[in-house]
Amino acid sequence: MILKKVYGFIPQLPSSDCSLLPQNHYWIASKRIVTPNGTISGAVEIKQGRIVSIVAEENWHVNSWFTTVVNYGEAVVMPGFIDVHAHLDDPGRTEWEGFPSGTKAAAAGGVTTLVDMPLNSAPSTVSEEALKLKVQAAEGRVYVDVGFWGGLVPENAENASSLERLLNAGVLGLKSFMVPSGINDFPMTTSSHIKEALPTLARYKRPLLVHAEVLVDLDGELEVENGVDNARSYSTYLKTRPASMEEAAINQLITLTKETRAGGSAEGAHLHIVHLSDARTSLNLIKEAKQRGDSITVETCPHYLAFAAEDIPDGDTRFKCAPPIRDAANKEKLWDALLDGDIDMLSSDHSPAVPEMKLLDEGDFLKAWGGISSLQFVLPATWTYGRKYGITFEQLASWWSEKPAKLAGLTTKGAIAVGNQADIVVWEPDVEFDLDNDHPVHIKHPSISAYMGSRLSGKVLATFVRGNLVYKEGNHASHACALPILHR
């Protein structure tokens with residue numbers, strides 16, 4: 001993996017423009033530093049953007065007259081979050097979000113690396129040429145590092161050379177939809193298309209991420225016109241996306257993942273289920289596939305862990321997403337699965353749009369654009385809703401840093417470890433704040449976020465990306481000096 005010479009873009013060393021802390025060599029000290037070996041009291045030494053040593057408090061002897069020490073006291077120092085599922089809509093739909101606002105929001109939320117989804121930008125990232133446009137749009141405009149998933153669509157699934165060109169161009173893996181995506185140049189794939197692509201992915205050893213829903217016959221037609229079903233009621237929308245859609249898709253996928261086992265025709269390929277919502281049969285199918293030795297992982301999102309269908313007000317289309325937020329009992333099962341390790345990791349599925357598309361005044365769940373806008377809030381949301389389950393800092397680091405880094409092949413990210421890039425978030429877990437109009441929010445359209453109006457715990461104090469202090473208590477570095485990431 002390289003982070004330089006991306007289509008002519010050459011990174012510069014930290015400077016006062018790139019970092020709110022211009023020194024290239026310094027220490028971060030804290031009573032709570034989360035490392036792969038547990039949480040310690042001590043200090044992390046950073047030099048030229050890398051972690052060069054980690055020292056426990058009793059062994060740490062530094063002359064602060066000659067070395068810069070940033071002491072965060074009782075604040076938690078953790079590996080920066082890695083969000084492997086975000087839609088930044090750049091280029092082509094920057095009125096929805098865009099790299100500058102999206103990555104500023106990420107930095108303010110402790111996210112140090114994003115992997116951008118291939119759809120909702122224009123064009124969708126389904127070819128080498130489209131990837132070049134996306135990388136060029138990111139150059140000099142991102143405050144955190146950004147990698148890219150390519151799109152698996154029927155056209156390239158059936159053309160191995162086209163798929164190879166996209167992989168050779170540097171995408172970290174591929175993403176496909178098994179239902180219509182809502183984006184014209186990102187058509188859905190069938191299990192046959194996925195089967196065609198797996199041997200190529202196996203050769204490249206890159207993952208395939210799948211939106212796992214398929215269309216199924218509903219038990220009965222929705223009767224909105226005559227008033228039996230109310231389009232302003234969330235329960236009406238929920239009827240259109242039953243859990244059986246996820247179950248049917250995953251049933252199809254696990255007939256393919258058996259080929260990812262040792263000796264199989266797709267050994268070396270890996271399948272990752274994105275934003276799992278159904279914690280019942282769908283989850284059990286994934287668990288069984290893992291037990292058989294299939295190379296498969298699964299993520300869920302904070303909004304499935306925070307909200308329940310019964311509590312969504314009529315007309316509040318901020319909560320519409322696909323697959324949908326399900327009932328409270330399902331939410332509890334998702335938490336159980338996450339804590340037990342059956343769900344591997346978390347992602348935001350940050351999916352914004354312009355407010356007009358959410359139909360906030362009309363409140364029509366059937367017509368409104370789906371997607372939860374959440375990028376800046378995933379750390380405090382996970383912590384706030386997880387505290388009652390006794391989640392630990394080490395679990396947060398696993399769900400949001402270590403395992404996402406492994407999925408995306410980011411071998412020098414995901415942990416506070418010697419030799420890794422100095423991607424670090426510093427936060428105060430006991431500080432509460434209200435997400436209201438007085439709270440600085442950096443996503444482009446705060447009004448569409450389901451989290452606005454919430455009271456959350458976990459205030460981000462500082463975010464470091466490759467040693468650059470890109471965010472500090474409400475302020476960002478003056479220049480966007482983070483990097484597009486390409487697989488090499």
# chains A, B, ... in the order shown; residues from 1 in each chain; ligands from 1
>>> select_by_dssp(residues="range 140-194 of chain A", states="helix (DSSP H, G or I)", output="list of chain:residue names")
A:Pro154, A:Glu155, A:Asn156, A:Ala157, A:Ala160, A:Ser161, A:Ser162, A:Leu163, A:Glu164, A:Arg165, A:Leu166, A:Leu167, A:Asn168, A:Ser191, A:Ser192, A:His193, A:Ile194
>>> write_last_selection(atoms="N, CA and C atoms", output="PDB file, in the first residue's frame")
ATOM      1  N   PRO A 154     -22.922  -5.258 -13.792  1.00  0.00           N
ATOM      2  CA  PRO A 154     -22.957  -6.309 -14.819  1.00  0.00           C
ATOM      3  C   PRO A 154     -21.927  -6.130 -15.922  1.00  0.00           C
ATOM      4  N   GLU A 155     -21.698  -4.899 -16.354  1.00  0.00           N
ATOM      5  CA  GLU A 155     -20.789  -4.658 -17.478  1.00  0.00           C
ATOM      6  C   GLU A 155     -19.374  -5.129 -17.191  1.00  0.00           C
ATOM      7  N   ASN A 156     -18.839  -4.808 -16.002  1.00  0.00           N
ATOM      8  CA  ASN A 156     -17.457  -5.247 -15.738  1.00  0.00           C
ATOM      9  C   ASN A 156     -17.412  -6.643 -15.112  1.00  0.00           C
ATOM     10  N   ALA A 157     -18.507  -7.094 -14.510  1.00  0.00           N
ATOM     11  CA  ALA A 157     -18.520  -8.454 -13.968  1.00  0.00           C
ATOM     12  C   ALA A 157     -18.364  -9.482 -15.076  1.00  0.00           C
ATOM     13  N   ALA A 160     -13.641  -9.632 -17.698  1.00  0.00           N
ATOM     14  CA  ALA A 160     -12.539  -9.772 -16.744  1.00  0.00           C
ATOM     15  C   ALA A 160     -11.464  -8.719 -16.964  1.00  0.00           C
ATOM     16  N   SER A 161     -11.195  -8.357 -18.207  1.00  0.00           N
ATOM     17  CA  SER A 161     -10.139  -7.367 -18.466  1.00  0.00           C
ATOM     18  C   SER A 161     -10.537  -5.996 -17.939  1.00  0.00           C
ATOM     19  N   SER A 162     -11.820  -5.649 -18.054  1.00  0.00           N
ATOM     20  CA  SER A 162     -12.299  -4.374 -17.515  1.00  0.00           C
ATOM     21  C   SER A 162     -12.174  -4.356 -16.001  1.00  0.00           C
ATOM     22  N   LEU A 163     -12.522  -5.475 -15.376  1.00  0.00           N
ATOM     23  CA  LEU A 163     -12.419  -5.573 -13.920  1.00  0.00           C
ATOM     24  C   LEU A 163     -10.965  -5.500 -13.470  1.00  0.00           C
ATOM     25  N   GLU A 164     -10.093  -6.149 -14.204  1.00  0.00           N
ATOM     26  CA  GLU A 164      -8.664  -6.122 -13.864  1.00  0.00           C
ATOM     27  C   GLU A 164      -8.094  -4.716 -13.990  1.00  0.00           C
ATOM     28  N   ARG A 165      -8.525  -3.967 -15.000  1.00  0.00           N
ATOM     29  CA  ARG A 165      -8.030  -2.582 -15.145  1.00  0.00           C
ATOM     30  C   ARG A 165      -8.437  -1.727 -13.950  1.00  0.00           C
ATOM     31  N   LEU A 166      -9.663  -1.933 -13.476  1.00  0.00           N
ATOM     32  CA  LEU A 166     -10.130  -1.179 -12.307  1.00  0.00           C
ATOM     33  C   LEU A 166      -9.330  -1.559 -11.068  1.00  0.00           C
ATOM     34  N   LEU A 167      -9.072  -2.838 -10.878  1.00  0.00           N
ATOM     35  CA  LEU A 167      -8.282  -3.282  -9.732  1.00  0.00           C
ATOM     36  C   LEU A 167      -6.834  -2.828  -9.850  1.00  0.00           C
ATOM     37  N   ASN A 168      -6.275  -2.897 -11.046  1.00  0.00           N
ATOM     38  CA  ASN A 168      -4.895  -2.431 -11.249  1.00  0.00           C
ATOM     39  C   ASN A 168      -4.757  -0.935 -11.014  1.00  0.00           C
ATOM     40  N   SER A 191     -26.407 -12.899  -8.214  1.00  0.00           N
ATOM     41  CA  SER A 191     -25.407 -13.823  -7.688  1.00  0.00           C
ATOM     42  C   SER A 191     -24.545 -14.397  -8.811  1.00  0.00           C
ATOM     43  N   SER A 192     -25.082 -14.479 -10.015  1.00  0.00           N
ATOM     44  CA  SER A 192     -24.286 -14.962 -11.158  1.00  0.00           C
ATOM     45  C   SER A 192     -23.162 -13.996 -11.484  1.00  0.00           C
ATOM     46  N   HIS A 193     -23.443 -12.704 -11.455  1.00  0.00           N
ATOM     47  CA  HIS A 193     -22.390 -11.703 -11.688  1.00  0.00           C
ATOM     48  C   HIS A 193     -21.305 -11.815 -10.615  1.00  0.00           C
ATOM     49  N   ILE A 194     -21.733 -11.973  -9.374  1.00  0.00           N
ATOM     50  CA  ILE A 194     -20.773 -12.079  -8.272  1.00  0.00           C
ATOM     51  C   ILE A 194     -19.911 -13.324  -8.435  1.00  0.00           C
TER      52      ILE A 194
END
>>> residues_around(residues="Phe365 in chain A", least_positions_apart="5", cutoff="6 Å", atoms="only C-alpha atoms", output="PDB file with N, CA and C atoms, in the first residue's frame")
ATOM      1  N   ALA A 231     -48.324   6.752   4.144  1.00  0.00           N
ATOM      2  CA  ALA A 231     -46.940   6.926   3.689  1.00  0.00           C
ATOM      3  C   ALA A 231     -46.115   7.740   4.678  1.00  0.00           C
ATOM      4  N   ARG A 232     -46.749   8.451   5.595  1.00  0.00           N
ATOM      5  CA  ARG A 232     -46.020   9.193   6.627  1.00  0.00           C
ATOM      6  C   ARG A 232     -45.653   8.313   7.821  1.00  0.00           C
ATOM      7  N   TYR A 237     -43.230   2.085   5.471  1.00  0.00           N
ATOM      8  CA  TYR A 237     -41.968   1.856   4.755  1.00  0.00           C
ATOM      9  C   TYR A 237     -41.348   0.525   5.160  1.00  0.00           C
ATOM     10  N   THR A 317     -38.500  11.605   7.951  1.00  0.00           N
ATOM     11  CA  THR A 317     -37.781  10.836   6.929  1.00  0.00           C
ATOM     12  C   THR A 317     -36.269  10.883   7.096  1.00  0.00           C
TER      13      THR A 317
END
>>> closest_atom_pairs(of="range 138-252 of chain A", to="range 94-106 of chain A", cutoff="10 Å", atoms="only C-alpha atoms", output="tab-separated table")
residue	atom	partner	partner_atom	distance
A:Ala138	CA	A:Phe99	CA	6.4
A:Glu139	CA	A:Phe99	CA	9.4
A:Gly140	CA	A:Pro100	CA	9.2
A:Arg141	CA	A:Pro100	CA	5.4
A:Val142	CA	A:Pro100	CA	5.6
A:Tyr143	CA	A:Thr103	CA	5.3
A:Val144	CA	A:Thr103	CA	5.7
A:Asp145	CA	A:Thr103	CA	8.4
A:Val146	CA	A:Thr103	CA	8.5
>>> atom_distance(atom1="CA of Glu247 in chain A", atom2="CA of Ser181 in chain A")
18.1 Å
>>> residues_around(residues="Tyr389 in chain A", least_positions_apart="6", cutoff="10 Å", atoms="only C-alpha atoms", output="list of chain:residue names")
A:Glu332, A:Trp335, A:Asp336, A:Leu339, A:Trp383
>>> closest_residue(among="A:Gln421, A:Ser457, A:Thr382, A:Asn251", to="Ala397 in chain A", atoms="only C-alpha atoms")
A:Thr382
